[in-house]
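**Student:** So I've got this file, entry05.csv, and it contains CSV, C-alpha atoms:
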chain,number,residue,atom,x,y,z
D,1,MET,CA,18.6,152.5,-39.8
D,2,PRO,CA,22.3,153.0,-40.5
D,3,GLY,CA,21.5,155.8,-43.0
D,4,ILE,CA,19.8,158.1,-40.6
D,5,GLN,CA,22.4,157.3,-37.9
D,6,GLU,CA,25.2,158.3,-40.2
D,7,ALA,CA,23.4,161.4,-41.2
D,8,VAL,CA,22.8,162.4,-37.6
D,9,ARG,CA,26.5,161.9,-36.8
D,10,GLY,CA,27.6,164.0,-39.7
D,11,ALA,CA,25.1,166.7,-38.9
D,12,GLY,CA,26.2,166.6,-35.3
D,13,ARG,CA,29.8,167.1,-36.2
D,14,ALA,CA,28.9,170.0,-38.5
D,15,LEU,CA,26.7,171.5,-35.8
D,16,LEU,CA,29.6,171.3,-33.3
D,17,HIS,CA,31.7,173.2,-35.9
D,18,LEU,CA,29.1,175.9,-36.1
D,19,VAL,CA,28.7,176.1,-32.3
D,20,VAL,CA,32.5,176.6,-31.9
D,21,GLY,CA,32.3,179.2,-34.7
D,22,ALA,CA,29.5,181.0,-33.0
D,23,ALA,CA,31.5,181.0,-29.7
D,24,VAL,CA,34.4,182.5,-31.6
D,25,ALA,CA,32.0,185.1,-33.1
D,26,VAL,CA,31.0,186.2,-29.6
D,27,VAL,CA,34.6,186.4,-28.6
D,28,SER,CA,35.2,188.4,-31.8
D,29,TYR,CA,32.5,190.8,-30.8
D,30,LEU,CA,34.1,191.4,-27.5
D,31,PHE,CA,37.5,191.6,-29.2
D,32,VAL,CA,36.4,194.3,-31.6
D,33,ALA,CA,35.3,196.4,-28.6
D,34,LEU,CA,38.7,195.8,-27.0
D,35,VAL,CA,40.5,196.8,-30.2
D,36,LEU,CA,38.5,200.0,-30.6
D,37,PHE,CA,39.1,200.8,-26.9
D,38,THR,CA,42.8,200.2,-27.3
D,39,ALA,CA,42.9,202.3,-30.5
D,40,ILE,CA,41.2,205.2,-28.6
D,41,LEU,CA,43.7,204.9,-25.8
D,42,THR,CA,46.5,204.8,-28.4
D,43,LEU,CA,45.4,208.1,-29.9
D,44,LEU,CA,45.6,209.5,-26.4
D,45,VAL,CA,49.1,207.9,-26.0
D,46,VAL,CA,48.0,206.4,-22.7
D,47,GLY,CA,47.4,202.9,-24.2
D,48,ALA,CA,50.1,202.9,-26.9
D,49,GLY,CA,51.9,200.1,-25.1
D,50,VAL,CA,48.7,197.9,-25.2
D,51,LEU,CA,48.2,198.0,-28.9
D,52,PRO,CA,51.0,195.6,-30.0
D,53,GLU,CA,49.9,193.1,-27.4
D,54,THR,CA,46.3,193.5,-28.5
D,55,VAL,CA,47.3,192.8,-32.1
D,56,LEU,CA,49.2,189.7,-31.0
D,57,LEU,CA,46.1,188.5,-29.2
D,58,LEU,CA,44.1,189.2,-32.3
D,59,ARG,CA,46.5,187.1,-34.3
D,60,ARG,CA,46.0,184.2,-31.8
D,61,VAL,CA,42.3,184.3,-32.2
D,62,ALA,CA,42.6,184.4,-36.0
D,63,SER,CA,45.2,181.6,-35.9
D,64,PHE,CA,42.7,179.5,-33.9
D,65,GLU,CA,40.1,180.0,-36.6
D,66,ARG,CA,42.6,179.1,-39.3
D,67,ARG,CA,43.4,175.8,-37.6
D,68,ARG,CA,39.7,175.1,-37.0
D,69,VAL,CA,38.9,175.7,-40.7
D,70,GLY,CA,41.9,173.7,-41.7
D,71,GLU,CA,40.8,170.7,-39.7
D,72,TRP,CA,37.3,170.9,-41.2
D,73,THR,CA,38.4,171.3,-44.8
D,74,GLY,CA,41.7,169.4,-44.7
D,75,ARG,CA,43.5,172.5,-46.2
D,76,ARG,CA,45.6,174.8,-44.1
D,77,ILE,CA,45.2,178.5,-44.3
D,78,PRO,CA,48.6,180.1,-44.6
D,79,GLU,CA,49.6,183.1,-42.3
D,80,ALA,CA,51.4,186.2,-43.4
D,81,TYR,CA,52.2,188.7,-40.6
D,82,VAL,CA,54.8,191.4,-40.1
D,83,ARG,CA,56.9,190.6,-37.0
D,84,LEU,CA,56.4,193.1,-34.2
D,85,GLU,CA,59.9,193.9,-32.8
D,86,GLY,CA,62.0,196.8,-31.7
D,87,PRO,CA,61.0,199.8,-29.5
D,88,LEU,CA,57.4,200.6,-28.7
D,89,ARG,CA,56.9,203.2,-31.3
D,90,GLU,CA,58.2,200.9,-34.0
D,91,ARG,CA,56.0,198.0,-32.8
D,92,VAL,CA,52.9,200.3,-32.9
D,93,ARG,CA,53.8,201.4,-36.4
D,94,GLN,CA,54.3,197.7,-37.5
D,95,ALA,CA,51.0,196.6,-35.9
D,96,LEU,CA,49.0,199.4,-37.6
D,97,GLY,CA,50.9,199.1,-41.0
D,98,ASP,CA,50.5,195.3,-41.2
D,99,PRO,CA,47.8,194.4,-43.8
D,100,GLY,CA,47.2,191.2,-41.7
D,101,THR,CA,46.0,193.3,-38.8
D,102,TRP,CA,43.2,194.9,-40.9
D,103,ARG,CA,42.4,191.6,-42.6
D,104,ASP,CA,41.9,189.9,-39.1
D,105,LEU,CA,39.7,192.9,-38.0
D,106,ARG,CA,37.6,192.6,-41.1
D,107,TRP,CA,37.2,188.9,-40.4
D,108,LEU,CA,36.2,189.6,-36.8
D,109,VAL,CA,33.5,192.0,-37.7
D,110,ALA,CA,32.1,189.8,-40.5
D,111,HIS,CA,32.4,186.6,-38.4
D,112,PHE,CA,30.2,188.0,-35.6
D,113,ALA,CA,27.4,188.2,-38.2
D,114,TYR,CA,27.7,185.0,-40.2
D,115,GLY,CA,28.9,182.9,-37.3
D,116,LEU,CA,25.8,183.4,-35.3
D,117,LEU,CA,23.5,183.4,-38.3
D,118,LEU,CA,24.9,180.0,-39.5
D,119,LEU,CA,24.6,178.6,-36.0
D,120,TYR,CA,20.9,179.5,-35.8
D,121,ALA,CA,20.3,178.1,-39.2
D,122,GLY,CA,22.2,174.9,-38.3
D,123,LEU,CA,20.2,174.4,-35.1
D,124,LEU,CA,16.9,174.9,-37.0
D,125,VAL,CA,17.9,172.5,-39.8
D,126,PHE,CA,19.2,169.9,-37.3
D,127,CYS,CA,15.9,169.9,-35.3
D,128,VAL,CA,13.7,169.8,-38.4
D,129,GLY,CA,16.0,167.3,-40.2
D,130,ALA,CA,16.0,164.9,-37.3
D,131,VAL,CA,12.2,164.5,-37.6
D,132,VAL,CA,11.8,164.8,-41.4
D,133,ASP,CA,14.8,162.5,-42.3
D,134,GLY,CA,13.8,160.0,-39.5
D,135,LEU,CA,10.4,159.6,-41.2
D,136,TRP,CA,11.8,159.7,-44.7
D,137,CYS,CA,14.5,157.1,-44.1
D,138,GLY,CA,12.3,154.9,-41.9
D,139,VAL,CA,9.3,154.8,-44.2
D,140,LEU,CA,10.8,155.1,-47.7
D,141,ARG,CA,14.2,153.8,-47.0
D,142,ARG,CA,15.8,156.7,-48.9
D,143,PRO,CA,19.0,158.7,-48.0
D,144,ALA,CA,18.6,161.6,-45.6
D,145,LEU,CA,17.6,164.9,-47.3
D,146,VAL,CA,17.7,167.6,-44.7
D,147,LEU,CA,20.4,166.7,-42.2
D,148,PRO,CA,23.2,166.9,-44.8
D,149,VAL,CA,22.3,170.6,-45.2
D,150,VAL,CA,24.0,171.2,-41.8
D,151,SER,CA,27.3,170.1,-43.2
D,152,ARG,CA,26.8,172.4,-46.1
D,153,LEU,CA,26.3,175.3,-43.7
D,154,ALA,CA,29.6,174.3,-41.9
D,155,ASP,CA,31.2,174.3,-45.4
D,156,VAL,CA,29.9,177.8,-46.0
D,157,ASP,CA,31.3,179.0,-42.6
D,158,ALA,CA,34.7,177.5,-43.5
D,159,ALA,CA,34.7,179.0,-47.0
D,160,TRP,CA,33.8,182.5,-45.8
D,161,SER,CA,36.5,182.3,-43.0
D,162,ARG,CA,39.1,181.1,-45.6
D,163,ALA,CA,38.2,183.9,-48.0
D,164,LEU,CA,38.5,186.5,-45.2
D,165,LEU,CA,41.6,185.1,-43.4
D,166,GLY,CA,43.6,183.9,-46.4
D,167,PRO,CA,46.5,186.2,-47.4
D,168,ALA,CA,46.4,188.1,-50.7
D,169,PRO,CA,48.4,186.5,-53.5
D,170,GLY,CA,51.2,189.1,-53.1
D,171,ALA,CA,51.2,188.5,-49.3
D,172,ARG,CA,51.3,184.7,-49.8
D,173,GLU,CA,54.4,185.1,-52.0
D,174,LEU,CA,55.9,187.4,-49.5
D,175,ALA,CA,55.3,184.9,-46.7
D,176,ALA,CA,56.8,182.1,-48.7
D,177,ARG,CA,59.8,184.3,-49.4
D,178,VAL,CA,60.2,185.3,-45.8
D,179,THR,CA,60.1,181.6,-44.8
D,180,GLU,CA,62.7,180.8,-47.4
D,181,LEU,CA,65.0,183.7,-46.2
D,182,THR,CA,64.5,182.6,-42.6
D,183,GLU,CA,65.6,179.1,-43.4
D,184,SER,CA,68.6,180.3,-45.5
D,185,ARG,CA,69.6,182.7,-42.7
D,186,ALA,CA,69.5,179.8,-40.2
D,187,GLY,CA,71.6,177.8,-42.5
D,188,ALA,CA,74.1,180.6,-43.0
D,189,VAL,CA,74.3,181.1,-39.2
D,190,ALA,CA,75.0,177.4,-38.8
D,191,ALA,CA,77.6,177.4,-41.6
D,192,HIS,CA,79.2,180.5,-40.1
D,193,GLY,CA,79.4,178.9,-36.7
D,194,ALA,CA,80.9,175.7,-38.2
D,195,GLU,CA,83.5,177.8,-40.1
D,196,LEU,CA,84.4,179.7,-36.9
D,197,ARG,CA,84.9,176.4,-35.1
D,198,ARG,CA,87.0,175.1,-37.9
D,199,ILE,CA,89.2,178.2,-37.9
D,200,GLU,CA,89.5,178.0,-34.1
D,201,ARG,CA,90.5,174.3,-34.3
D,202,ASP,CA,93.1,175.0,-37.1
D,203,LEU,CA,94.6,177.8,-35.1
D,204,HIS,CA,94.6,175.8,-31.8
D,205,ASP,CA,96.0,172.5,-33.3
D,206,GLY,CA,98.3,174.0,-35.8
D,207,ALA,CA,99.7,177.6,-35.6
D,208,GLN,CA,99.2,178.0,-31.9
D,209,ALA,CA,100.9,174.7,-31.1
D,210,ARG,CA,103.9,175.6,-33.3
D,211,LEU,CA,104.2,179.0,-31.8
D,212,VAL,CA,104.3,177.5,-28.3
D,213,ALA,CA,107.0,175.1,-29.4
D,214,LEU,CA,108.8,178.1,-31.0
D,215,SER,CA,108.7,180.0,-27.7
D,216,MET,CA,110.1,177.1,-25.8
D,217,ARG,CA,113.0,176.6,-28.3
D,218,ILE,CA,113.9,180.3,-28.1
D,219,GLY,CA,113.8,180.1,-24.3
D,220,LEU,CA,116.1,177.0,-24.2
D,221,ALA,CA,118.5,178.6,-26.7
D,222,ARG,CA,118.7,181.8,-24.6
D,223,ARG,CA,119.6,179.8,-21.5
D,224,ALA,CA,122.1,177.6,-23.3
D,225,TYR,CA,123.7,180.5,-25.2
D,226,ASP,CA,126.6,181.2,-22.7
D,227,LYS,CA,127.3,177.6,-21.7
D,228,ASP,CA,126.8,175.7,-24.9
D,229,PRO,CA,126.7,177.9,-28.1
D,230,ASP,CA,126.5,174.9,-30.4
D,231,ALA,CA,123.4,173.6,-28.6
D,232,ALA,CA,121.9,177.1,-28.7
D,233,ARG,CA,122.6,177.3,-32.4
D,234,ARG,CA,120.8,174.0,-33.0
D,235,LEU,CA,117.8,175.2,-30.9
D,236,LEU,CA,117.7,178.4,-32.9
D,237,ASP,CA,117.7,176.4,-36.1
D,238,ASP,CA,114.8,174.4,-34.8
D,239,ALA,CA,113.0,177.6,-33.8
D,240,GLN,CA,113.4,178.9,-37.3
D,241,ASP,CA,111.9,175.7,-38.7
D,242,GLN,CA,109.0,176.1,-36.2
D,243,ALA,CA,108.4,179.7,-37.3
D,244,GLU,CA,108.3,178.7,-40.9
D,245,GLU,CA,105.8,175.9,-40.2
D,246,ALA,CA,103.7,178.2,-38.1
D,247,LEU,CA,103.7,180.7,-41.0
D,248,ALA,CA,102.6,178.0,-43.3
D,249,GLU,CA,99.8,177.0,-41.0
D,250,LEU,CA,98.6,180.6,-40.8
D,251,ARG,CA,98.6,180.9,-44.5
D,252,HIS,CA,96.5,177.8,-44.7
D,253,VAL,CA,94.0,179.3,-42.3
D,254,VAL,CA,93.9,182.5,-44.2
D,255,ARG,CA,93.3,180.6,-47.5
D,256,GLY,CA,90.3,178.9,-45.8
D,257,ILE,CA,88.8,182.3,-45.0
D,258,HIS,CA,89.4,184.1,-48.3
D,259,PRO,CA,92.0,182.7,-50.6
D,260,PRO,CA,94.6,185.4,-51.5
D,261,ILE,CA,94.8,183.9,-55.0
D,262,LEU,CA,91.3,185.2,-55.7
D,263,THR,CA,92.6,188.8,-55.1
D,264,ASP,CA,95.7,188.2,-57.1
D,265,ARG,CA,94.4,186.3,-60.1
D,266,GLY,CA,90.6,186.6,-60.0
D,267,LEU,CA,88.1,183.8,-60.0
D,268,VAL,CA,89.1,182.2,-63.3
D,269,GLY,CA,92.8,182.2,-62.5
D,270,ALA,CA,92.2,180.9,-59.0
D,271,VAL,CA,90.0,178.1,-60.3
D,272,ARG,CA,92.6,177.1,-62.9
D,273,ALA,CA,95.2,176.9,-60.2
D,274,LEU,CA,92.9,174.8,-58.1
D,275,ALA,CA,92.2,172.5,-61.0
D,276,ALA,CA,95.9,172.1,-61.7
D,277,GLY,CA,96.6,170.8,-58.2
D,278,SER,CA,93.6,168.6,-57.9
D,279,GLY,CA,95.1,165.3,-59.1
D,280,LEU,CA,92.3,165.0,-61.8
D,281,ASP,CA,92.3,166.0,-65.4
D,282,VAL,CA,90.1,169.1,-64.9
D,283,ALA,CA,89.0,171.2,-67.9
D,284,VAL,CA,88.0,174.8,-66.9
D,285,ARG,CA,85.7,176.7,-69.3
D,286,ASP,CA,85.2,180.4,-68.9
D,287,ASP,CA,82.1,181.9,-70.5
D,288,GLY,CA,83.0,185.6,-70.1
D,289,VAL,CA,82.9,185.7,-66.3
D,290,GLU,CA,85.3,188.6,-66.1
D,291,ALA,CA,84.7,190.2,-69.5
D,292,GLY,CA,82.8,193.2,-68.1
D,293,GLY,CA,84.3,193.3,-64.6
D,294,ARG,CA,84.6,191.0,-61.6
D,295,ALA,CA,81.9,189.7,-59.4
D,296,PRO,CA,81.7,190.9,-55.8
D,297,ALA,CA,84.3,189.4,-53.5
D,298,ALA,CA,81.7,187.4,-51.5
D,299,VAL,CA,80.3,185.8,-54.7
D,300,GLU,CA,83.8,185.0,-56.0
D,301,ALA,CA,84.7,183.4,-52.7
D,302,ALA,CA,81.5,181.3,-52.6
D,303,ALA,CA,82.1,180.2,-56.2
D,304,TYR,CA,85.7,179.3,-55.5
D,305,PHE,CA,84.8,177.2,-52.4
D,306,VAL,CA,82.0,175.4,-54.4
D,307,VAL,CA,84.5,174.4,-57.1
D,308,ALA,CA,87.1,173.4,-54.4
D,309,GLU,CA,84.5,171.2,-52.6
D,310,ALA,CA,83.1,169.7,-55.8
D,311,VAL,CA,86.6,168.9,-57.3
D,312,THR,CA,87.8,167.5,-53.9
D,313,ASN,CA,84.8,165.2,-53.7
D,314,ALA,CA,85.3,164.1,-57.3
D,315,ALA,CA,89.0,163.2,-56.6
D,316,LYS,CA,88.1,161.4,-53.4
D,317,HIS,CA,84.8,159.6,-54.2
D,318,SER,CA,84.0,159.6,-57.9
D,319,GLY,CA,86.6,157.2,-59.1
D,320,GLY,CA,86.7,159.0,-62.4
D,321,PRO,CA,89.8,160.4,-64.1
D,322,ARG,CA,88.3,163.7,-65.4
D,323,ALA,CA,86.0,166.6,-64.5
D,324,GLU,CA,84.8,169.8,-66.0
D,325,VAL,CA,84.3,173.2,-64.4
D,326,ARG,CA,82.3,175.8,-66.3
D,327,LEU,CA,82.0,179.4,-65.1
D,328,ALA,CA,79.3,181.5,-66.8
D,329,ARG,CA,78.2,185.1,-66.5
D,330,THR,CA,74.5,185.6,-66.7
D,331,GLU,CA,72.1,188.5,-66.4
D,332,ARG,CA,71.2,187.4,-62.9
D,333,GLY,CA,74.7,186.7,-61.7
D,334,LEU,CA,77.3,183.9,-61.8
D,335,THR,CA,76.7,180.2,-62.7
D,336,VAL,CA,79.1,177.5,-61.7
D,337,ARG,CA,78.8,173.9,-63.1
D,338,VAL,CA,81.1,171.1,-62.0
D,339,ALA,CA,80.7,167.6,-63.6
D,340,ASP,CA,82.8,164.5,-63.2
D,341,GLU,CA,82.8,161.1,-65.0
D,342,GLY,CA,82.7,159.0,-61.8
D,343,ARG,CA,80.4,156.5,-60.3
D,344,GLY,CA,77.8,158.9,-59.0
D,345,GLY,CA,75.6,158.2,-56.0
D,346,ALA,CA,76.6,161.4,-54.1
D,347,ASP,CA,74.7,161.7,-50.7
D,348,GLU,CA,74.4,165.0,-48.9
D,349,SER,CA,74.0,163.2,-45.6
D,350,GLY,CA,77.3,161.3,-46.1
D,351,GLY,CA,79.6,164.0,-44.9
D,352,SER,CA,80.7,165.0,-48.4
D,353,GLY,CA,80.5,168.7,-47.7
D,354,LEU,CA,77.5,169.3,-49.9
D,355,LEU,CA,75.4,170.5,-47.0
D,356,GLY,CA,78.0,173.1,-46.1
D,357,MET,CA,78.1,174.1,-49.8
D,358,ARG,CA,74.3,174.6,-49.8
D,359,ARG,CA,74.5,176.8,-46.7
D,360,ARG,CA,77.3,178.9,-48.1
D,361,VAL,CA,75.3,179.5,-51.3
D,362,ALA,CA,72.0,180.1,-49.5
D,363,ALA,CA,73.7,182.8,-47.5
D,364,LEU,CA,74.0,184.7,-50.8
D,365,ASP,CA,70.4,183.9,-51.8
D,366,GLY,CA,71.7,181.4,-54.4
D,367,ASN,CA,70.6,177.9,-55.1
D,368,VAL,CA,72.3,174.5,-55.7
D,369,ARG,CA,71.1,171.7,-57.9
D,370,LEU,CA,72.7,168.2,-57.6
D,371,SER,CA,72.3,165.4,-60.0
D,372,SER,CA,74.2,162.2,-59.1
D,373,PRO,CA,72.5,159.0,-60.2
D,374,VAL,CA,74.1,155.7,-59.4
D,375,GLY,CA,76.5,155.0,-62.2
D,376,GLY,CA,77.2,158.7,-62.7
D,377,PRO,CA,77.8,161.3,-63.7
D,378,THR,CA,77.7,163.7,-60.8
D,379,VAL,CA,76.7,167.3,-61.8
D,380,ILE,CA,76.6,170.2,-59.4
D,381,GLU,CA,75.1,173.5,-60.7
D,382,VAL,CA,75.2,176.6,-58.6
D,383,GLU,CA,73.5,180.0,-59.3
D,384,LEU,CA,74.9,183.0,-57.3
D,385,PRO,CA,72.9,186.2,-57.9
D,386,CYS,CA,74.9,189.4,-58.1
D,387,VAL,CA,75.1,192.8,-59.8
D,388,TRP,CA,78.0,193.1,-62.2
Go through the file and emit its structure as structure tokens.

**Tutor:**
Amino acid sequence: MPGIQEAVRGAGRALLHLVVGAAVAVVSYLFVALVLFTAILTLLVVGAGVLPETVLLLRRVASFERRRVGEWTGRRIPEAYVRLEGPLRERVRQALGDPGTWRDLRWLVAHFAYGLLLLYAGLLVFCVGAVVDGLWCGVLRRPALVLPVVSRLADVDAAWSRALLGPAPGARELAARVTELTESRAGAVAAHGAELRRIERDLHDGAQARLVALSMRIGLARRAYDKDPDAARRLLDDAQDQAEEALAELRHVVRGIHPPILTDRGLVGAVRALAAGSGLDVAVRDDGVEAGGRAPAAVEAAAYFVVAEAVTNAAKHSGGPRAEVRLARTERGLTVRVADEGRGGADESGGSGLLGMRRRVAALDGNVRLSSPVGGPTVIEVELPCVW
């Protein structure tokens, strides 16, 4: 009788879910006692150091239940917790002030009741159903009636746990926002590390090498000054050339950190100068960016480097003769749009600098949109939030 066999297997799986739930309920009961005991000790200051660790253990129990419910329903229950960090007093305050702590405690108390209740009901239904459905399916050849109820009881257990453990809508948005900021912070740290390595490499291979050569030239000139003044003069001329080249290298490094032209001319003037030296026919459109005052320096620098990267990519890879840069002032901040007339097909994994651009913008809580279908055009739109 494949029908009854399938029903028994399904009911057995549901019953196992209820058994594990009941075991968690018993652990929950013991855990509530532990939490209350810890809270009393905390009030007496003796056990204040235990409270944060107890809350972390509580989170592990609740996380286990979330995973268990997620496996049963196929839908993950998101978590939203305040991180416990800093000195002891701060961690105690964070643990007690986190809505997730009280949500988990509420689930613990409720789950002790409905976890055991549903298990008892599931055991009763399973025993009765095995007999009734065995006769029903064997004699009348009809689908099982009673055993599927065990699965419904497991669904009820999962639904109640989901309702109690799921974060509130505001907390859900906050958790998503925290995740987004964590990722953008990681990207900003990676971009900052790459920028430091680039500066170190430029200084080591450029200005430092020229300064070493300059020191050597001056040393040779000093030793040759009395014996061969003409040779000393030539060495000093070389030293002067080396000094000028080292100065040019240092200016190049400084421009990579914060272009002085931004300070002198502002964002629009700096972008126009950048466009003039790009080798493309670049039209720059200004939609009132500096009409009511300039954007913060960090935002201007990010916008400048976005334009520099996008225009450089257009000149190197697009194959098109023209590009357009539009700078716009909005209520939320600054918008930058760079479009070219090239072949398109821009790939962020191809080393075009687009990943670095995204990380730089994400560090300021901005976002980047890229459209580059094969055949073109390539359009990069960047939004940088700021207060004008």

**Student:** Just the number, please: distance in Å from atom CA of D:Ser151 to atom CA of D:Gly122, one decimal.

**Tutor:**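 Separating atom CA of D:Ser151 from atom CA of D:Gly122 is a distance of 8.5 Å.
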
**Student:** Between D:Val150, D:Ala62, D:Leu274, D:Val336, which has the minimum distance to D:Ala302 (counting only C-alpha atoms)?

**Tutor:**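 Smallest distance to D:Ala302 is found for D:Val336.
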
**Student:** Have a look at atom CA of D:Met216 and atom CA of D:Ala248 and let me know their distance in Å, one decimal.

**Tutor:**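 For atom CA of D:Met216 relative to atom CA of D:Ala248, the distance reads 19.1 Å.
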
**Student:** What does the distance between atom CA of D:Gly279 and atom CA of D:Arg201 come to in Å, to one decimal place?

**Tutor:** 26.8 Å

**Student:** Mind checking which residues fall within 7 Å of D:Gly345, counting only C-alpha atoms, ignoring those fewer than 2 positions away in the same chain, and posting them as a VMD selection string?

**Tutor:** chain D and resid 343 347 372 to 374 376

**Student:** Looking at D:Gly129, D:Gly375, D:Gly70, D:Gly356, which one is nearest to D:Arg162, with distances taken over only C-alpha atoms?

**Tutor:** D:Gly70

**Student:** Taking the point (34.2, 189.1, -34.4) as given in the file, collect each protein or nucleic acid residue that comes within 10 Å of it, counting all atoms listed in the file, and present the set as a ChimeraX atom specification.

**Tutor:** /D:22-33,61-62,104-115

**Student:** When you look at D:Asp286 with a cut-off of 7 Å (counting all atoms listed in the file), what residues show up, excluding the ones that are within fewer than 3 positions of it in the same chain? I need them as a PyMOL selection string.

**Tutor:** chain D and resi 289+326-328
